[in-house]
Every structure is written in C-alpha cells, then in structure tokens.
$ cat my_file.cif   # mmCIF, C-alpha atoms
data_model
#
loop_
_atom_site.label_atom_id
_atom_site.label_comp_id
_atom_site.auth_asym_id
_atom_site.auth_seq_id
_atom_site.Cartn_x
_atom_site.Cartn_y
_atom_site.Cartn_z
CA MET A 1 -30.08 8.69 24.03
CA SER A 2 -31.45 5.52 22.48
CA SER A 3 -29.36 3.51 20.06
CA THR A 4 -31.77 4.42 17.23
CA GLY A 5 -31.19 8.10 17.96
CA LYS A 6 -27.43 7.63 17.97
CA ASN A 7 -27.57 5.71 14.69
CA LEU A 8 -29.67 8.47 13.13
CA GLU A 9 -27.24 11.12 14.36
CA ALA A 10 -24.29 9.14 12.97
CA ALA A 11 -26.05 8.77 9.61
CA LEU A 12 -26.72 12.52 9.51
CA ASP A 13 -23.08 13.26 10.34
CA ARG A 14 -22.01 10.92 7.58
CA ASP A 15 -24.33 12.66 5.09
CA LYS A 16 -22.89 16.05 6.09
CA ALA A 17 -19.33 14.78 5.65
CA ARG A 18 -20.25 13.29 2.28
CA ALA A 19 -21.79 16.59 1.17
CA ALA A 20 -18.56 18.38 2.10
CA GLN A 21 -16.55 16.06 -0.16
CA PRO A 22 -15.79 16.84 -3.81
CA PRO A 23 -18.68 15.68 -5.99
CA LEU A 24 -18.51 12.44 -7.88
CA THR A 25 -16.71 13.19 -11.11
CA ALA A 26 -18.45 12.34 -14.34
CA ALA A 27 -17.16 9.14 -15.86
CA SER A 28 -14.26 9.95 -18.13
CA PRO A 29 -13.15 7.10 -20.42
CA THR A 30 -9.80 8.76 -21.11
CA MET A 31 -9.05 9.42 -17.47
CA ALA A 32 -10.19 5.90 -16.58
CA VAL A 33 -7.26 4.61 -18.67
CA VAL A 34 -4.72 7.37 -18.02
CA ALA A 35 -5.13 7.58 -14.22
CA PRO A 36 -4.34 3.92 -13.43
CA ALA A 37 -1.50 3.90 -15.97
CA VAL A 38 0.08 7.03 -14.48
CA GLY A 39 -0.63 5.71 -10.98
CA TRP A 40 1.16 2.48 -11.80
CA LEU A 41 4.17 4.29 -13.27
CA ILE A 42 4.43 6.86 -10.44
CA PRO A 43 2.77 5.65 -7.22
CA GLY A 44 0.01 8.05 -6.12
CA ALA A 45 0.11 10.12 -9.32
CA GLY A 46 -3.19 8.62 -10.52
CA HIS A 47 -4.89 10.34 -7.57
CA ILE A 48 -2.88 13.54 -7.89
CA ILE A 49 -3.86 14.14 -11.54
CA GLN A 50 -7.49 13.87 -10.46
CA GLY A 51 -7.07 16.52 -7.76
CA ARG A 52 -6.87 14.12 -4.80
CA TRP A 53 -3.62 15.64 -3.58
CA ILE A 54 -3.50 14.42 0.00
CA ARG A 55 -4.49 10.86 -0.89
CA GLY A 56 -2.01 10.82 -3.76
CA ILE A 57 0.87 12.11 -1.66
CA LEU A 58 0.12 9.65 1.15
CA LEU A 59 0.00 6.76 -1.34
CA MET A 60 3.22 7.95 -2.97
CA ILE A 61 5.01 8.15 0.38
CA SER A 62 3.73 4.76 1.54
CA VAL A 63 4.52 2.77 -1.61
CA THR A 64 7.84 4.51 -2.30
CA CYS A 65 9.07 4.24 1.30
CA MET A 66 8.14 0.58 1.43
CA PHE A 67 9.96 -0.16 -1.83
CA VAL A 68 13.07 1.84 -0.87
CA LEU A 69 13.18 0.25 2.59
CA GLY A 70 13.00 -3.14 0.86
CA LEU A 71 16.00 -2.15 -1.27
CA LYS A 72 17.87 -0.88 1.79
CA MET A 73 17.23 -4.19 3.53
CA GLN A 74 19.01 -5.77 0.55
CA GLY A 75 15.93 -7.50 -0.73
CA LYS A 76 15.83 -9.25 -4.07
CA ILE A 77 14.08 -7.86 -7.14
CA TYR A 78 12.74 -10.57 -9.40
CA ALA A 79 13.35 -10.42 -13.13
CA PHE A 80 11.02 -11.97 -15.70
CA ASN A 81 11.35 -15.73 -15.44
CA THR A 82 9.53 -18.92 -16.34
CA GLY A 83 11.07 -21.05 -13.63
CA ASP A 84 9.74 -21.57 -10.13
CA LEU A 85 6.11 -20.53 -9.53
CA LEU A 86 7.05 -18.42 -6.49
CA ASP A 87 9.69 -16.61 -8.56
CA MET A 88 7.09 -15.83 -11.24
CA LEU A 89 4.67 -14.51 -8.60
CA GLY A 90 7.50 -12.47 -7.10
CA PHE A 91 8.11 -10.89 -10.50
CA ILE A 92 4.40 -10.04 -10.88
CA GLY A 93 4.36 -8.44 -7.42
CA ASP A 94 7.52 -6.44 -8.06
CA LEU A 95 6.26 -5.30 -11.46
CA GLY A 96 3.27 -3.67 -9.73
CA ALA A 97 5.62 -0.99 -8.38
CA GLY A 98 5.86 0.39 -11.94
CA GLY A 99 8.48 3.11 -12.29
CA LEU A 100 10.23 2.09 -9.07
CA TYR A 101 10.71 -1.41 -10.49
CA ILE A 102 11.90 -0.12 -13.87
CA VAL A 103 14.43 2.30 -12.30
CA SER A 104 15.71 -0.34 -9.86
CA ARG A 105 16.21 -2.86 -12.64
CA ALA A 106 17.92 -0.23 -14.81
CA LEU A 107 20.31 0.62 -11.96
CA ASP A 108 20.87 -3.09 -11.29
CA LEU A 109 19.70 -2.80 -7.70
CA GLY A 110 18.08 -5.53 -5.62
CA SER A 111 20.47 -8.39 -6.20
CA GLY A 112 19.49 -9.82 -2.80
CA ALA A 113 21.76 -10.78 0.09
CA ILE A 114 20.67 -14.30 0.96
CA PHE A 115 23.01 -14.47 3.97
CA ARG A 116 20.96 -11.83 5.83
CA ALA A 117 17.58 -12.60 7.41
CA THR A 118 16.44 -9.01 6.91
CA ALA A 119 17.07 -9.31 3.17
CA ASP A 120 14.12 -11.68 2.97
CA TYR A 121 11.95 -9.08 4.73
CA GLY A 122 13.18 -6.59 2.13
CA THR A 123 12.14 -8.90 -0.72
CA LYS A 124 8.64 -9.13 0.75
CA PHE A 125 8.49 -5.36 1.33
CA MET A 126 9.13 -4.72 -2.38
CA ILE A 127 6.58 -7.32 -3.53
CA VAL A 128 3.93 -5.89 -1.20
CA ALA A 129 4.78 -2.31 -2.27
CA GLY A 130 4.05 -3.41 -5.85
CA LEU A 131 0.77 -5.05 -4.88
CA LEU A 132 -0.31 -2.00 -2.85
CA ASN A 133 0.48 0.16 -5.88
CA VAL A 134 -1.83 -2.00 -7.98
CA ILE A 135 -4.62 -1.47 -5.40
CA ALA A 136 -3.96 2.30 -5.53
CA SER A 137 -4.10 2.25 -9.35
CA VAL A 138 -7.43 0.42 -9.31
CA ASP A 139 -8.71 3.03 -6.82
CA ALA A 140 -7.63 5.81 -9.22
CA HIS A 141 -9.55 3.98 -11.98
CA HIS A 142 -12.69 3.87 -9.79
CA ILE A 143 -12.41 7.60 -9.06
CA ALA A 144 -12.09 8.34 -12.78
CA LEU A 145 -15.16 6.22 -13.50
CA GLY A 146 -17.14 8.15 -10.88
CA LYS A 147 -17.66 5.09 -8.69
CA LYS A 148 -15.81 6.77 -5.83
CA ARG A 149 -15.34 10.36 -4.68
CA MET B 1 24.38 6.72 1.54
CA LEU B 2 20.85 6.21 0.29
CA LEU B 3 21.14 2.48 -0.11
CA SER B 4 23.41 1.62 2.77
CA PRO B 5 22.20 -1.68 4.29
CA LEU B 6 19.45 -1.41 6.85
CA GLN B 7 18.94 -3.96 9.59
CA LEU B 8 15.51 -3.94 11.21
CA SER B 9 14.34 -6.30 13.91
CA HIS B 10 11.42 -8.55 13.00
CA PHE B 11 9.03 -6.45 15.09
CA ALA B 12 10.28 -3.13 13.66
CA ALA B 13 9.88 -4.50 10.13
CA ALA B 14 6.33 -5.66 10.96
CA LEU B 15 5.54 -2.24 12.46
CA VAL B 16 6.76 -0.35 9.37
CA PHE B 17 4.92 -2.80 7.11
CA ALA B 18 1.70 -2.32 9.13
CA ILE B 19 1.91 1.49 8.95
CA PHE B 20 2.33 1.69 5.17
CA ALA B 21 -0.14 -1.09 4.34
CA SER B 22 -2.76 0.47 6.66
CA VAL B 23 -2.39 3.87 4.99
CA VAL B 24 -3.01 2.34 1.55
CA PHE B 25 -5.90 0.16 2.76
CA GLY B 26 -7.52 3.10 4.54
CA ILE B 27 -7.35 5.38 1.51
CA THR B 28 -8.42 2.83 -1.07
CA GLN B 29 -11.12 0.93 0.80
CA ARG B 30 -13.20 3.80 2.22
CA GLU B 31 -14.77 6.92 0.75
CA LEU B 32 -14.79 9.55 3.50
CA PRO B 33 -11.67 10.86 5.26
CA LYS B 34 -13.07 10.01 8.70
CA ASP B 35 -13.88 6.46 7.59
CA MET B 36 -10.46 6.18 5.94
CA LEU B 37 -8.74 7.11 9.19
CA ARG B 38 -10.91 4.73 11.19
CA TYR B 39 -10.37 1.83 8.78
CA GLY B 40 -6.62 2.53 8.59
CA LEU B 41 -6.37 2.40 12.38
CA TYR B 42 -8.47 -0.77 12.42
CA CYS B 43 -6.14 -2.45 9.89
CA PHE B 44 -3.08 -1.27 11.82
CA SER B 45 -4.39 -2.70 15.08
CA LEU B 46 -5.20 -6.01 13.36
CA PHE B 47 -1.69 -6.19 11.85
CA ILE B 48 0.03 -5.47 15.16
CA GLY B 49 -2.41 -7.63 17.14
CA GLY B 50 -1.77 -10.47 14.69
CA VAL B 51 1.98 -10.10 15.11
CA ILE B 52 1.72 -10.22 18.90
CA VAL B 53 -0.68 -13.21 18.88
CA ALA B 54 1.50 -15.08 16.37
CA GLY B 55 4.59 -14.28 18.45
CA TRP B 56 3.05 -15.71 21.61
CA ALA B 57 1.73 -18.74 19.67
CA MET B 58 5.25 -19.49 18.41
CA TRP B 59 6.62 -19.06 21.92
CA LEU B 60 4.07 -21.59 23.22
CA ILE B 61 4.83 -24.04 20.41
CA LYS B 62 8.56 -23.79 21.14
CA ARG B 63 8.07 -24.64 24.83
#
$ encode --input "my_file.cif" --output "structure tokens"
Amino acid sequence: MSSTGKNLEAALDRDKARAAQPPLTAASPTMAVVAPAVGWLIPGAGHIIQGRWIRGILLMISVTCMFVLGLKMQGKIYAFNTGDLLDMLGFIGDLGAGGLYIVSRALDLGSGAIFRATADYGTKFMIVAGLLNVIASVDAHHIALGKKR
Amino acid sequence: MLLSPLQLSHFAAALVFAIFASVVFGITQRELPKDMLRYGLYCFSLFIGGVIVAGWAMWLIKR
C-alpha cells in the first residue's frame, strides 16, 4: 500500500477513535475554577470529578507515589522562604503538590538527611511531583473549558 | 513502617522517575488513549535513553 493510503487509513482510524471518546464538554466557568483547584489539592481529583476516572486515578497514583517515595528517600520539603533563589524555587515546586505538601508540613515530615546521597534524589522527586501536579491541574482546567476531551 | 528510609540506586531512581513522569506527560499532552500510550512510551524511552547516554558520557569524561 502506498504511503498516502496508509496515512489516510491512519487518519480514519484516528477519527473513529475520536468519535468513540466522550464528547467535548461544554465550557463550564465554575468547573474551570473548581477542577484545577480540587486537582491541585488532591492529585488527579480534577479529572475524576469530570468523569475521567482512569486518567484521574493514574495521575493520582503517579504524583502521590512520587511524592511519598521522595519522603521515604528522606528528601527535604522546602518551607516558605525569601533566602536563596533555589530554595524559593524549591518551595514553589513543592507547593504544587497541594494537599500532599500541606499534610507533610503539618506532620513535620521532610526534614532532609543531607548525609545521604539518595536524600537529594528524594528532594527532587517531591519538587517534580509538585510540578507534575500543576501540569495535571492545568489539564483538568482545559477539559473543563472544553479545549480537550 | 510507611516512612522507613528507602535507598535506591541512581539508575533505579531514574527509572521510577521516568515511569511516573511519562504517565503524567502521556495523559496531559495527548487527547486519545492510543496517542497517550504512544507518547508516554516515547517520553519513557527518551528519559531512559538520556540516562544511558549521560552515563556513558560521564564514563568517557572520567577516563
């Protein structure tokens, strides 16, 4: 089969798959605010409240596991600070994890073990978990706006 | 205990990192499940490929 034929077939397959997906939801101003807020507080919940169960659960597992593994590796959780620029950025990244950050700070976890090399990996795991949660929240916002299925 | 210290090797940590980051990238950056899976696998292979290339580059620099 020619490459044009294959491309056409692939495009048709894609159209069929798209048709099988839930329709684009009508833009909901309330949901566009609530979904990212809930998604930030509880990773993946922004998708779950919009009926995207599998996506929401996968996001929840990924972000939560990454954050908890960071804690188990004795990573450091940054508090609000106005000192070193990297410390401030670390705080912003950690804050992205929402509820996980709030609970960890409340339980006084994440003091950081600087004598262990893996503790530094843990610190980065928690920052990245927060940043990934922000991406997931923005995705929930796009779904609520009807920009994405 | 839930928060007993965990020691991962550098490669194991990179592997775990790549899995979770690829899942989130796949879900958030594509619209269809098939495309999500494909993009997630693509990101995962780039993460792991990058780790291996960087590892060999550091080995060469050290020599």
$ residues_around --input "my_file.cif" --residues "Leu37 in chain B" --least-positions-apart "3" --cutoff "12 Å" --atoms "only C-alpha atoms" --output "ChimeraX atom specification"
/A:55 /B:22-34,40-44
$ residues_around --input "my_file.cif" --residues "range 50-62 of chain B" --least-positions-apart "4" --cutoff "8 Å" --atoms "all atoms listed in the file" --output "list in words"
Phe11, Ala14 and Leu46 of chain B
$ residues_around --input "my_file.cif" --residues "range 102-117 of chain A" --least-positions-apart "5" --cutoff "7 Å" --atoms "all atoms listed in the file" --output "PyMOL selection string"
chain A and resi 71+74-77
$ atom_distance --input "my_file.cif" --atom1 "CA of Ala97 in chain A" --atom2 "CA of Leu145 in chain A"
22.6 Å
$ atom_distance --input "my_file.cif" --atom1 "CA of Lys148 in chain A" --atom2 "CA of Leu59 in chain A"
16.4 Å
$ interface_residues --input "my_file.cif" --of "chain A" --to "chain B" --cutoff "8 Å" --atoms "all atoms listed in the file" --output "JSON, numbers by chain"
{"A": [17, 18, 21, 55, 58, 59, 62, 63, 66, 69, 71, 72, 73, 74, 118, 121, 125, 132, 135, 136, 139, 148, 149]}
$ residues_around --input "my_file.cif" --residues "Gly130 in chain A" --least-positions-apart "4" --cutoff "9 Å" --atoms "all atoms listed in the file" --output "list in words"
Trp40, Val63, Phe67, Ile92, Gly93, Asp94, Leu95, Gly96, Ala97, Gly98, Leu100, Tyr101, Phe125, Met126, Val134 and Ile135 of chain A
$ atom_distance --input "my_file.cif" --atom1 "CA of Pro43 in chain A" --atom2 "CA of Leu85 in chain A"
26.5 Å
$ axis_aligned_box --input "my_file.cif" --around "range 24-27 of chain B" --padding-each-side "4 Å" --output "AutoDock Vina command-line options"
--center_x -5.3 --center_y 2.8 --center_z 3.0 --size_x 12.5 --size_y 13.2 --size_z 11.0
$ resolve_selection --input "my_file.cif" --expression "the PyMOL selection byres ((chain A and resi 31) around 12)" --output "list of chain:residue names"
A:Thr25, A:Ala26, A:Ala27, A:Ser28, A:Pro29, A:Thr30, A:Ala32, A:Val33, A:Val34, A:Ala35, A:Pro36, A:Ala37, A:Val38, A:Gly39, A:Gly46, A:His47, A:Ile49, A:Gln50, A:Ser137, A:Ala140, A:His141, A:His142, A:Ile143, A:Ala144, A:Leu145, A:Gly146
$ build_atoms --input "my_file.cif" --residues "range 34-57 of chain B" --atoms "N, CA and C atoms" --output "PDB file, in the coordinates of the input"
ATOM      1  N   LYS B  34     -12.905  10.533   7.339  1.00  0.00           N
ATOM      2  CA  LYS B  34     -13.070  10.010   8.700  1.00  0.00           C
ATOM      3  C   LYS B  34     -13.092   8.472   8.692  1.00  0.00           C
ATOM      4  N   ASP B  35     -13.816   7.918   7.716  1.00  0.00           N
ATOM      5  CA  ASP B  35     -13.880   6.460   7.590  1.00  0.00           C
ATOM      6  C   ASP B  35     -12.524   5.878   7.196  1.00  0.00           C
ATOM      7  N   MET B  36     -11.801   6.639   6.357  1.00  0.00           N
ATOM      8  CA  MET B  36     -10.460   6.180   5.940  1.00  0.00           C
ATOM      9  C   MET B  36      -9.551   6.053   7.148  1.00  0.00           C
ATOM     10  N   LEU B  37      -9.587   7.099   7.992  1.00  0.00           N
ATOM     11  CA  LEU B  37      -8.740   7.110   9.190  1.00  0.00           C
ATOM     12  C   LEU B  37      -9.115   5.955  10.121  1.00  0.00           C
ATOM     13  N   ARG B  38     -10.425   5.787  10.293  1.00  0.00           N
ATOM     14  CA  ARG B  38     -10.910   4.730  11.190  1.00  0.00           C
ATOM     15  C   ARG B  38     -10.509   3.345  10.666  1.00  0.00           C
ATOM     16  N   TYR B  39     -10.689   3.123   9.359  1.00  0.00           N
ATOM     17  CA  TYR B  39     -10.370   1.830   8.780  1.00  0.00           C
ATOM     18  C   TYR B  39      -8.853   1.575   8.792  1.00  0.00           C
ATOM     19  N   GLY B  40      -8.082   2.652   8.541  1.00  0.00           N
ATOM     20  CA  GLY B  40      -6.620   2.530   8.590  1.00  0.00           C
ATOM     21  C   GLY B  40      -6.157   2.119   9.986  1.00  0.00           C
ATOM     22  N   LEU B  41      -6.738   2.754  11.002  1.00  0.00           N
ATOM     23  CA  LEU B  41      -6.370   2.400  12.380  1.00  0.00           C
ATOM     24  C   LEU B  41      -6.801   0.974  12.712  1.00  0.00           C
ATOM     25  N   TYR B  42      -7.970   0.591  12.196  1.00  0.00           N
ATOM     26  CA  TYR B  42      -8.470  -0.770  12.420  1.00  0.00           C
ATOM     27  C   TYR B  42      -7.503  -1.797  11.805  1.00  0.00           C
ATOM     28  N   CYS B  43      -7.085  -1.539  10.562  1.00  0.00           N
ATOM     29  CA  CYS B  43      -6.140  -2.450   9.890  1.00  0.00           C
ATOM     30  C   CYS B  43      -4.819  -2.505  10.660  1.00  0.00           C
ATOM     31  N   PHE B  44      -4.354  -1.321  11.087  1.00  0.00           N
ATOM     32  CA  PHE B  44      -3.080  -1.270  11.820  1.00  0.00           C
ATOM     33  C   PHE B  44      -3.171  -2.100  13.100  1.00  0.00           C
ATOM     34  N   SER B  45      -4.262  -1.939  13.822  1.00  0.00           N
ATOM     35  CA  SER B  45      -4.390  -2.700  15.080  1.00  0.00           C
ATOM     36  C   SER B  45      -4.475  -4.196  14.806  1.00  0.00           C
ATOM     37  N   LEU B  46      -5.138  -4.574  13.695  1.00  0.00           N
ATOM     38  CA  LEU B  46      -5.200  -6.010  13.360  1.00  0.00           C
ATOM     39  C   LEU B  46      -3.816  -6.549  12.985  1.00  0.00           C
ATOM     40  N   PHE B  47      -3.052  -5.764  12.224  1.00  0.00           N
ATOM     41  CA  PHE B  47      -1.690  -6.190  11.850  1.00  0.00           C
ATOM     42  C   PHE B  47      -0.850  -6.418  13.109  1.00  0.00           C
ATOM     43  N   ILE B  48      -0.832  -5.392  13.978  1.00  0.00           N
ATOM     44  CA  ILE B  48       0.030  -5.470  15.160  1.00  0.00           C
ATOM     45  C   ILE B  48      -0.498  -6.537  16.131  1.00  0.00           C
ATOM     46  N   GLY B  49      -1.823  -6.589  16.284  1.00  0.00           N
ATOM     47  CA  GLY B  49      -2.410  -7.630  17.140  1.00  0.00           C
ATOM     48  C   GLY B  49      -2.054  -9.017  16.623  1.00  0.00           C
ATOM     49  N   GLY B  50      -2.116  -9.185  15.297  1.00  0.00           N
ATOM     50  CA  GLY B  50      -1.770 -10.470  14.690  1.00  0.00           C
ATOM     51  C   GLY B  50      -0.325 -10.851  14.941  1.00  0.00           C
ATOM     52  N   VAL B  51       0.556  -9.847  14.860  1.00  0.00           N
ATOM     53  CA  VAL B  51       1.980 -10.100  15.110  1.00  0.00           C
ATOM     54  C   VAL B  51       2.190 -10.563  16.550  1.00  0.00           C
ATOM     55  N   ILE B  52       1.539  -9.879  17.482  1.00  0.00           N
ATOM     56  CA  ILE B  52       1.720 -10.220  18.900  1.00  0.00           C
ATOM     57  C   ILE B  52       1.141 -11.613  19.200  1.00  0.00           C
ATOM     58  N   VAL B  53      -0.058 -11.890  18.663  1.00  0.00           N
ATOM     59  CA  VAL B  53      -0.680 -13.210  18.880  1.00  0.00           C
ATOM     60  C   VAL B  53       0.191 -14.304  18.265  1.00  0.00           C
ATOM     61  N   ALA B  54       0.661 -14.071  17.032  1.00  0.00           N
ATOM     62  CA  ALA B  54       1.500 -15.080  16.370  1.00  0.00           C
ATOM     63  C   ALA B  54       2.805 -15.286  17.144  1.00  0.00           C
ATOM     64  N   GLY B  55       3.355 -14.186  17.664  1.00  0.00           N
ATOM     65  CA  GLY B  55       4.590 -14.280  18.450  1.00  0.00           C
ATOM     66  C   GLY B  55       4.406 -15.143  19.687  1.00  0.00           C
ATOM     67  N   TRP B  56       3.314 -14.894  20.409  1.00  0.00           N
ATOM     68  CA  TRP B  56       3.050 -15.710  21.610  1.00  0.00           C
ATOM     69  C   TRP B  56       2.740 -17.158  21.234  1.00  0.00           C
ATOM     70  N   ALA B  57       2.040 -17.366  20.118  1.00  0.00           N
ATOM     71  CA  ALA B  57       1.730 -18.740  19.670  1.00  0.00           C
ATOM     72  C   ALA B  57       3.028 -19.493  19.377  1.00  0.00           C
TER      73      ALA B  57
END
